[in-house]
Amino acid sequence: MDASEVEFLAEKEMVKIIPNFSLDKVFLIGGDLGPFNPGLPIDVPVWLALNLKQRQKCRIIPPEWMDVEKLEEMRDLERKEDMFTPVPSPYYMELTKLLLNHASDNIPKADEIRTLVKDIWDTRIAKLRLSADSFISQQEAYAKLDNLTLMEINTIRAFLLDTLNCMYKLRSNLQ
Amino acid sequence: MPCERKPMRYGHSEGHTEVCFDDTGRFIVTCGNDGDVRIWESLDDDDPKFITVGEKAYSLALKNGKLVTASSNNTVQIHTFPDGDPDGILTRFTTNATHVAFNSIGSRVAAGSSDFMVKVVEVSDSSQQKTLRGHEAPVLSVTFDPKDDFLASASCDGSVVVWNIEEQTQVISWPLLQKSNDVTNAKSLCRLAWQPGMGKFLAVPVETKVHLYERGSWDHVSTLSDDLLAQPINVVSWSPCERFLAAGCVGGLLTVWDVNSKLCVERQKHEKDFTVCSLAWHPSGSHIAYTDTEGCLGLLDGLGTSTADNNRTKQVAAKNPAKDYDDLFDDDDDRLMDEGLSDTKSPAKKAVGWDDDDDDFLVPATGRVKNRGAFLDDENSLDTGSLKLGQDKLGDDDNDAGSSVAPAAAPVVPLRPVYEGPVPTPPQKAFQPGSTPAHLTHRFMMWNSVGIVRGYNDEQDNAIDVEFHDTAVHHAMHLTNSLGHTVADLSQEAVLLACPSTEELASKLQCLHFSSWDTNKEWMVDLPKGEDVRALCLGQGWAAVATSTLMIRLFSIGGVQRELFSLPGPVVCMAGHGEQLLVVYHRATGFDGEQALGVQLLQLSRKRRQLISGEPLPLSQKSYLSWLGFTAQGTPCYVDSDGVVRMLNRSLGNTWTPVCNTRETCKSKSDHYWVVGVHENPQQLRCIPCKGSRYPPTLPRPAVAILPFKLPLCQTTTEKGQMEEQFWRSVLFHDHYSFLSSSGYEIDEDAQNQSQKEQQELLMKMFALSCKLEREFRCVELAEMMTQNVVTLAIRYASRSRRMALAQRLSEIALEKSNQMQEEEQEEQEEEPEYSSTRRSSGYGHTDVTAGGRYSRRQNQQEEQEDEEERGEELMEEEDRQEMEPEEATETKKRVNPFAKEAGSPIKPSPTPIGKMGRANPFKVPGSGKMSASSGQPRVTNILDNMTSSKKSAQLSSSGGKPSKSPILKPLAPKPKTKTQSTLLQMAATKTANKKVQENTEQAANLQKQPDTPPPGPPADNSENKRPKTGFQLWLEENRKSILANNPDLEETDVIKEAMGRFRTLSAEERLSWTERAKGQSGDAADLKKRKRAEGGEGLESENEKAEADESSAKKKSSLDPSSKLSVFAFNQN
């Protein structure tokens, strides 16, 4: 699975926008959206929000967790705990990237948020590597990791599987 | 000692915070780590005044309108109070001052500092300073002896020192405290307190106890302690009555001791266990304000009354100490006390012309009381609690006594105003609805459904931003605000701005008419000299400005001056929508916190008129107006400061109905919703949630939230209450259609019909609910609100649930309604020309809901009626199915249950009641005359017949089966046959044996006729009874004689029974032949019937029926939808 595919999936997440146009309900395969009233917040999928934003048709309201204080708290918790802590959104990394890239003017303290999310991400990836390492070094048959997001699994999957295959071959050659 | 702990609220940023009351007790004054001094009118004050005194404020003291603060720039400053103007620097230290205190008369200030020094400074002349040196560590706190001779201070070196101020020497020093190197490291702030009045005791918090030292001898006389006190006491404070001592501890515990009895009378815990770092008694002694180290402010209320109670219960205990006190009194004390007190006298007192007296009564008071028993104690302290000063003036000795027996009375009494009547409320200032207060540097000047106008007024910029929600209206604008505009309004056409007049410049009105098609997009008007803009608003094509000269000036949107008129009072605010102008003004002076507002609603269309002429505007108690406007559909509404949204109910004589209380949805007490718009369709209250304030900040940009409406009806938790609420809300929120159509606007008829459907549906549901609850009277009441069509449904429902009496009443209502409708129709036709608009729907002004509803229904009656019936039917069917179940269980296979049949085929979109009627039509031949074979067939002509017969049967069943021949009522709404069916089927079921289903129904039907047959029927009956007969009837006719011959003693019913038995024994062929014969006769029967109807000739009705009969005889077997028939009927009738 590609990172872009994961991002595509993340685009289905809902986000609040404040449109500056008026439009009746739109009927889409995925469900009805609208009606859009200027100045009135409404939930739309990220892909639509970004599209509207690029056409300057709306203001995006960042998700509740995209807040410096909450992220700081999360980062500290993530650093403190050995296990993976629950993340605010299964697509936190993708959403942060998408929203900050396209709508950073609507998000207060965008730079800090970017840094914080990167911190959280780095911490988690480090944990992931660490657990992969101990998994291999202890030659365990299986391991359980909670609270991983799709993107995180995706980053390590290709490498880990290949490695395991390779190691398996090497070991079977040994015998 | 019960007292109420009010919830804490945010006061300052976290850190050491101090609190005190002003002399009158009107304000709570706090200072904190953010360097601000805040002046709160009450704990709920969301917008306190603030004075910035420095980067941090360490301590404050307030007396005689002088506010002394110790700030981080190592100075002790004076500000005036309550204006907050700087009044010079009192003294400086080399580091910051830690505590400041006034002496009892406010002439001197003592300040302790971290540089180990204590300074005493004359307030009037800061050059007169006395420095007290001797501490070897930062000074923690200072306090004056009330007689001004001594000063006590506590220091981090562990000592508590009493100084002689004049000689600047230490009188005594106690090593009581733990040593520390700085105030921040000290375990306790050790705020000392000297008993007010004669200053007998000095209270020193030492660890978890309070030591009391006696003035003069400096002996440690007693210790106040409490078992619950586990952590050091930070601060102590004497009540103004000198009797109670309050202490706040590190762990957040608040304790109050009665010093006389040394008993702890009150314990309260801080809600979050934060350290209490300051506390202050209200001058009346009734409550204590306290602050914690997190910057929060709290209040303990209800102490005043409880102290009185306490006095009563501890009468005996108080006796001895009270006497001791008396001995302590001397003239000096009294003089001192009076001096101090007269300063704090409130102006209200003087207004009564009383000021000469109070000195007189206070001085003798002390002397006189000495020999009075302590049991006066009780009475006096009660008086102090209930503010009865007027009696003192009359020379009531007993009351005067209070000042000395309980020393409490003396300092408290003079603070109270004498005037006891209602106090006028300061009238609320003019404001623009949807704006935040003008004193803010960044504020919303207008937020409405069109867009946002923001004003910036800081050092860099004085500008106005205009932004539109819908960018299609206009692009955003940025204007420099060189004129200093303070009020603004925004519409789809223009931005209107106005500034107040200055010394040189007149008040100006500026309009940015961006929708203008010419090149000049702007105009400006100067108001006459001395006239200031107070409020303004924009409508469609006009602008209105209310000025300080109680005038409203109208302008066209292009800048043409139009009408002007005077207002009866100063304007509060205005709102415009379309051609309507809504003005709220001060009608009179309000009292006791109430505002007296009046409202005018003007129609500025071609035909100008005043819809509401200055009626009082209802507000919640002690609240003021906070928003005024129109819904998007043009109904006036407003919000008061209690968060109650009220909307104009035009159908109830322009009254105001509360539709929502925004405070109910608030999580915390200091949260509010700032309303920005109201929509009736969809029902939305658009507002901005504000945490801890009344107004949103401009940044971060607030987001709009939507609140639902809810009429404050009773018991909305019950199903009944819910439905009632929904119904009336629907009625109220769709009232605008009638207004809009009557004033000639296009209306969305679909939406209107939808809403009426919804209302009728709700009525039907309520009806069903009342039916279930056996509330038949209520059912009738509900039916009165229904439209005629729904009443017919209700009748059907009632009959199915076997409520014959109800069904009968309902049919009367149906009749009434149709008559009414007819009359209205005529009236309307007469009235119609009077309306300026020729729209058909101009008649919507009816106050009667149902009338309005019915009227509109007429427009598309045919379609609507059908599907409405369907819906109703489905609804009933569902309920019926449930009710029928037990019956079916017992009687399955014995007979055909017509309901069961229906229930079995719910796919059928419109169940045809005709079919049902045809299937079991037992009353067709009450006289049992000629028979016809086709009675089992559905016949449209039967509708009215059924009605009459069902009526009869209703009477029958209710009056114990007595046949009655009352004149036949013909309700316009045809009564469904179902009622009779259900009862009769039961009877039939008992008799009929297991036979073929089809036959059974037939026979059952025939059986029913029997009991209903009144042998001596009026002659008219004969003709009426000429109906198609069944095969059995024909057979019976022929064989009756033979049966009678065989069994001469049989009764009529028994004859039928016997005949039934015999008929059944016949072979299938024979029976068929009888049926054939019966069919052959049916044509004649129908003809007969027609003739009869024509004779009966009841005007239109019978004619209609005839038409129907003709039609139906043509296609007898086709089961026509009865409702469509009925609608034709109803329509023709109109």
# chains A, B, ... in the order shown; residues from 1 in each chain; ligands from 1
>>> residues_around(residues="Asp258 of chain B", least_positions_apart="3", cutoff="8 Å", atoms="only C-alpha atoms", output="PyMOL selection string")
chain B and resi 243-245+261-265
>>> write_last_selection(atoms="all heavy atoms", output="mmCIF file, in the first residue's frame")
data_model
loop_
_atom_site.group_PDB
_atom_site.id
_atom_site.type_symbol
_atom_site.label_atom_id
_atom_site.label_comp_id
_atom_site.auth_asym_id
_atom_site.auth_seq_id
_atom_site.Cartn_x
_atom_site.Cartn_y
_atom_site.Cartn_z
ATOM 1 N N ARG B 243 -16.676 40.292 65.853
ATOM 2 C CA ARG B 243 -16.968 39.142 66.647
ATOM 3 C C ARG B 243 -16.453 37.858 66.010
ATOM 4 O O ARG B 243 -16.170 36.888 66.694
ATOM 5 C CB ARG B 243 -18.488 39.050 66.791
ATOM 6 C CG ARG B 243 -18.855 37.939 67.685
ATOM 7 C CD ARG B 243 -20.275 37.996 68.073
ATOM 8 N NE ARG B 243 -20.598 36.711 68.633
ATOM 9 C CZ ARG B 243 -21.809 36.341 68.946
ATOM 10 N NH1 ARG B 243 -22.808 37.174 68.755
ATOM 11 N NH2 ARG B 243 -22.024 35.159 69.442
ATOM 12 N N PHE B 244 -16.383 37.877 64.713
ATOM 13 C CA PHE B 244 -15.960 36.673 64.012
ATOM 14 C C PHE B 244 -14.603 36.877 63.381
ATOM 15 O O PHE B 244 -14.240 37.986 62.992
ATOM 16 C CB PHE B 244 -16.968 36.311 62.925
ATOM 17 C CG PHE B 244 -18.323 36.010 63.466
ATOM 18 C CD1 PHE B 244 -19.335 36.964 63.402
ATOM 19 C CD2 PHE B 244 -18.588 34.792 64.075
ATOM 20 C CE1 PHE B 244 -20.578 36.702 63.923
ATOM 21 C CE2 PHE B 244 -19.828 34.525 64.591
ATOM 22 C CZ PHE B 244 -20.828 35.479 64.524
ATOM 23 N N LEU B 245 -13.901 35.790 63.308
ATOM 24 C CA LEU B 245 -12.599 35.840 62.683
ATOM 25 C C LEU B 245 -12.575 34.753 61.612
ATOM 26 O O LEU B 245 -12.836 33.583 61.888
ATOM 27 C CB LEU B 245 -11.503 35.575 63.723
ATOM 28 C CG LEU B 245 -10.085 35.698 63.204
ATOM 29 C CD1 LEU B 245 -9.736 37.163 62.975
ATOM 30 C CD2 LEU B 245 -9.098 35.087 64.176
ATOM 31 N N SER B 261 -16.901 32.842 71.847
ATOM 32 C CA SER B 261 -17.051 31.488 72.351
ATOM 33 C C SER B 261 -15.892 30.606 71.939
ATOM 34 O O SER B 261 -15.796 29.475 72.382
ATOM 35 C CB SER B 261 -18.363 30.897 71.829
ATOM 36 O OG SER B 261 -18.318 30.886 70.421
ATOM 37 N N LYS B 262 -15.036 31.121 71.053
ATOM 38 C CA LYS B 262 -13.885 30.388 70.530
ATOM 39 C C LYS B 262 -14.316 29.115 69.808
ATOM 40 O O LYS B 262 -13.604 28.125 69.777
ATOM 41 C CB LYS B 262 -12.901 30.046 71.652
ATOM 42 C CG LYS B 262 -12.389 31.288 72.325
ATOM 43 C CD LYS B 262 -11.244 31.012 73.240
ATOM 44 C CE LYS B 262 -10.723 32.283 73.854
ATOM 45 N NZ LYS B 262 -11.776 33.119 74.485
ATOM 46 N N LEU B 263 -15.513 29.188 69.293
ATOM 47 C CA LEU B 263 -16.003 28.021 68.583
ATOM 48 C C LEU B 263 -15.912 28.263 67.083
ATOM 49 O O LEU B 263 -16.099 29.386 66.617
ATOM 50 C CB LEU B 263 -17.465 27.749 68.947
ATOM 51 C CG LEU B 263 -17.684 27.204 70.347
ATOM 52 C CD1 LEU B 263 -19.171 27.095 70.621
ATOM 53 C CD2 LEU B 263 -17.024 25.849 70.486
ATOM 54 N N CYS B 264 -15.665 27.207 66.399
ATOM 55 C CA CYS B 264 -15.639 27.307 64.944
ATOM 56 C C CYS B 264 -17.080 27.278 64.462
ATOM 57 O O CYS B 264 -17.818 26.333 64.748
ATOM 58 C CB CYS B 264 -14.852 26.145 64.365
ATOM 59 S SG CYS B 264 -14.812 26.194 62.594
ATOM 60 N N VAL B 265 -17.527 28.320 63.789
ATOM 61 C CA VAL B 265 -18.926 28.391 63.393
ATOM 62 C C VAL B 265 -19.121 28.067 61.927
ATOM 63 O O VAL B 265 -20.238 27.887 61.475
ATOM 64 C CB VAL B 265 -19.523 29.777 63.687
ATOM 65 C CG1 VAL B 265 -19.657 29.976 65.180
ATOM 66 C CG2 VAL B 265 -18.692 30.877 63.060
#
>>> interface_residues(of="chain A", to="chain B", cutoff="7 Å", atoms="only C-alpha atoms", output="ChimeraX atom specification")
/A:20-22,38-41
>>> write_last_selection(atoms="N, CA, C and O atoms", output="PDB file, in the first residue's frame")
ATOM      1  N   ASN A  20     -18.488  30.212   2.169  1.00  0.00           N
ATOM      2  CA  ASN A  20     -18.899  31.597   1.927  1.00  0.00           C
ATOM      3  C   ASN A  20     -19.756  31.675   0.681  1.00  0.00           C
ATOM      4  O   ASN A  20     -19.765  32.664  -0.023  1.00  0.00           O
ATOM      5  N   PHE A  21     -20.480  30.616   0.440  1.00  0.00           N
ATOM      6  CA  PHE A  21     -21.409  30.604  -0.681  1.00  0.00           C
ATOM      7  C   PHE A  21     -22.652  29.856  -0.229  1.00  0.00           C
ATOM      8  O   PHE A  21     -22.668  29.263   0.847  1.00  0.00           O
ATOM      9  N   SER A  22     -23.638  29.912  -1.047  1.00  0.00           N
ATOM     10  CA  SER A  22     -24.886  29.274  -0.680  1.00  0.00           C
ATOM     11  C   SER A  22     -25.211  28.228  -1.735  1.00  0.00           C
ATOM     12  O   SER A  22     -25.135  28.497  -2.936  1.00  0.00           O
ATOM     13  N   PRO A  38     -23.963  30.323   3.790  1.00  0.00           N
ATOM     14  CA  PRO A  38     -22.781  31.146   4.066  1.00  0.00           C
ATOM     15  C   PRO A  38     -22.690  31.466   5.549  1.00  0.00           C
ATOM     16  O   PRO A  38     -23.674  31.871   6.165  1.00  0.00           O
ATOM     17  N   GLY A  39     -21.531  31.260   6.097  1.00  0.00           N
ATOM     18  CA  GLY A  39     -21.308  31.620   7.497  1.00  0.00           C
ATOM     19  C   GLY A  39     -21.713  30.556   8.488  1.00  0.00           C
ATOM     20  O   GLY A  39     -21.514  30.736   9.675  1.00  0.00           O
ATOM     21  N   LEU A  40     -22.280  29.461   8.022  1.00  0.00           N
ATOM     22  CA  LEU A  40     -22.745  28.438   8.941  1.00  0.00           C
ATOM     23  C   LEU A  40     -21.859  27.200   8.816  1.00  0.00           C
ATOM     24  O   LEU A  40     -21.708  26.669   7.730  1.00  0.00           O
ATOM     25  N   PRO A  41     -21.285  26.749   9.938  1.00  0.00           N
ATOM     26  CA  PRO A  41     -20.384  25.597   9.854  1.00  0.00           C
ATOM     27  C   PRO A  41     -21.110  24.352   9.365  1.00  0.00           C
ATOM     28  O   PRO A  41     -22.281  24.138   9.682  1.00  0.00           O
TER      29      PRO A  41
END
>>> residues_around(residues="Asn661 of chain B", least_positions_apart="2", cutoff="6 Å", atoms="only C-alpha atoms", output="VMD selection string")
chain B and resid 643 to 644 663 to 664
>>> select_by_dssp(residues="segment 9-174 of chain A", states="alpha helix (DSSP H)", output="PyMOL selection string")
chain A and resi 9-10+46-54+68-80+92-103+110-137+150-174
>>> atom_distance(atom1="atom CA of Glu152 of chain A", atom2="atom CA of Glu81 of chain A")
17.5 Å
>>> residues_around(residues="Ala70 of chain B", least_positions_apart="5", cutoff="8 Å", atoms="only C-alpha atoms", output="ChimeraX atom specification")
/B:57-60,75-77,96-100
>>> write_last_selection(atoms="C-alpha atoms", output="PDB file, in the first residue's frame")
ATOM      1  CA  ALA B  57       0.310  43.497  41.559  1.00  0.00           C
ATOM      2  CA  TYR B  58       1.326  42.019  44.885  1.00  0.00           C
ATOM      3  CA  SER B  59      -1.105  43.626  47.220  1.00  0.00           C
ATOM      4  CA  LEU B  60      -3.854  46.169  47.341  1.00  0.00           C
ATOM      5  CA  THR B  75       6.577  51.147  44.161  1.00  0.00           C
ATOM      6  CA  VAL B  76       3.427  51.635  46.124  1.00  0.00           C
ATOM      7  CA  GLN B  77       1.033  53.563  43.927  1.00  0.00           C
ATOM      8  CA  ASN B  96       8.883  45.010  45.639  1.00  0.00           C
ATOM      9  CA  ALA B  97       6.479  45.688  48.443  1.00  0.00           C
ATOM     10  CA  THR B  98       4.773  42.578  49.751  1.00  0.00           C
ATOM     11  CA  HIS B  99       1.793  43.912  51.613  1.00  0.00           C
ATOM     12  CA  VAL B 100       0.042  47.246  51.945  1.00  0.00           C
TER      13      VAL B 100
END
>>> residues_around(residues="Val15 of chain A", least_positions_apart="3", cutoff="6 Å", atoms="only C-alpha atoms", output="PDB file with N, CA and C atoms, in the first residue's frame")
ATOM      1  N   ASP A  43     -20.214  20.003   8.129  1.00  0.00           N
ATOM      2  CA  ASP A  43     -19.225  18.929   7.998  1.00  0.00           C
ATOM      3  C   ASP A  43     -19.156  18.452   6.559  1.00  0.00           C
ATOM      4  N   VAL A  44     -17.960  18.402   6.017  1.00  0.00           N
ATOM      5  CA  VAL A  44     -17.773  17.866   4.666  1.00  0.00           C
ATOM      6  C   VAL A  44     -16.524  16.993   4.698  1.00  0.00           C
ATOM      7  N   PRO A  45     -16.370  16.104   3.711  1.00  0.00           N
ATOM      8  CA  PRO A  45     -15.133  15.328   3.656  1.00  0.00           C
ATOM      9  C   PRO A  45     -13.940  16.231   3.347  1.00  0.00           C
ATOM     10  N   VAL A  46     -12.782  15.748   3.741  1.00  0.00           N
ATOM     11  CA  VAL A  46     -11.587  16.568   3.581  1.00  0.00           C
ATOM     12  C   VAL A  46     -11.344  16.930   2.124  1.00  0.00           C
TER      13      VAL A  46
END
>>> closest_residue(among="A:Ala10, A:Cys58, A:Leu161, A:Ala110", to="Ala132 of chain A", atoms="only C-alpha atoms")
A:Leu161
>>> closest_residue(among="A:Lys80, A:Ala141, A:Leu150, A:Lys127", to="Tyr168 of chain A", atoms="only C-alpha atoms")
A:Ala141
>>> decode(residues="segment 14-33 of chain B", atoms="N, CA, C and O atoms", output="short mmCIF file (atom, residue, chain, number, x, y, z; two decimals), in the first residue's frame")
data_model
loop_
_atom_site.label_atom_id
_atom_site.label_comp_id
_atom_site.auth_asym_id
_atom_site.auth_seq_id
_atom_site.Cartn_x
_atom_site.Cartn_y
_atom_site.Cartn_z
N GLU B 14 -2.77 32.94 36.97
CA GLU B 14 -2.46 32.23 38.18
C GLU B 14 -1.32 32.89 38.94
O GLU B 14 -0.44 33.53 38.35
N GLY B 15 -1.34 32.78 40.24
CA GLY B 15 -0.37 33.46 41.08
C GLY B 15 -1.08 34.13 42.24
O GLY B 15 -2.31 34.04 42.37
N HIS B 16 -0.30 34.78 43.07
CA HIS B 16 -0.87 35.42 44.25
C HIS B 16 -1.92 36.45 43.84
O HIS B 16 -1.71 37.26 42.96
N THR B 17 -3.06 36.38 44.49
CA THR B 17 -4.18 37.24 44.15
C THR B 17 -4.74 37.81 45.45
O THR B 17 -4.81 37.08 46.44
N GLU B 18 -5.09 39.07 45.44
CA GLU B 18 -5.68 39.64 46.65
C GLU B 18 -7.05 40.22 46.36
O GLU B 18 -7.37 40.59 45.22
N VAL B 19 -7.84 40.33 47.40
CA VAL B 19 -9.20 40.80 47.23
C VAL B 19 -9.55 41.74 48.37
O VAL B 19 -9.03 41.61 49.49
N CYS B 20 -10.39 42.72 48.09
CA CYS B 20 -10.99 43.50 49.17
C CYS B 20 -12.31 44.07 48.66
O CYS B 20 -12.61 44.00 47.47
N PHE B 21 -13.12 44.57 49.57
CA PHE B 21 -14.37 45.23 49.20
C PHE B 21 -14.15 46.73 49.25
O PHE B 21 -13.29 47.22 49.98
N ASP B 22 -14.91 47.45 48.46
CA ASP B 22 -14.85 48.90 48.63
C ASP B 22 -15.68 49.28 49.85
O ASP B 22 -16.35 48.43 50.44
N ASP B 23 -15.62 50.54 50.24
CA ASP B 23 -16.21 50.93 51.52
C ASP B 23 -17.71 50.66 51.57
O ASP B 23 -18.27 50.34 52.60
N THR B 24 -18.38 50.83 50.44
CA THR B 24 -19.82 50.65 50.45
C THR B 24 -20.20 49.19 50.30
O THR B 24 -21.34 48.81 50.53
N GLY B 25 -19.25 48.38 49.89
CA GLY B 25 -19.56 46.97 49.69
C GLY B 25 -20.16 46.69 48.33
O GLY B 25 -20.58 45.59 48.05
N ARG B 26 -20.20 47.70 47.49
CA ARG B 26 -20.80 47.49 46.17
C ARG B 26 -19.89 46.69 45.25
O ARG B 26 -20.33 45.94 44.41
N PHE B 27 -18.59 46.92 45.41
CA PHE B 27 -17.67 46.29 44.49
C PHE B 27 -16.74 45.33 45.21
O PHE B 27 -16.37 45.55 46.36
N ILE B 28 -16.37 44.30 44.50
CA ILE B 28 -15.28 43.45 44.94
C ILE B 28 -14.08 43.90 44.11
O ILE B 28 -14.19 44.07 42.90
N VAL B 29 -12.97 44.14 44.75
CA VAL B 29 -11.80 44.59 44.03
C VAL B 29 -10.70 43.55 44.20
O VAL B 29 -10.43 43.11 45.32
N THR B 30 -10.11 43.14 43.10
CA THR B 30 -9.07 42.13 43.18
C THR B 30 -7.83 42.60 42.43
O THR B 30 -7.92 43.43 41.53
N CYS B 31 -6.70 42.11 42.83
CA CYS B 31 -5.50 42.34 42.05
C CYS B 31 -4.77 41.01 41.92
O CYS B 31 -4.98 40.10 42.71
N GLY B 32 -3.96 40.90 40.90
CA GLY B 32 -3.32 39.60 40.69
C GLY B 32 -2.05 39.70 39.90
O GLY B 32 -1.54 40.79 39.63
N ASN B 33 -1.60 38.54 39.51
CA ASN B 33 -0.30 38.40 38.87
C ASN B 33 -0.24 39.05 37.50
O ASN B 33 0.84 39.27 36.97
#
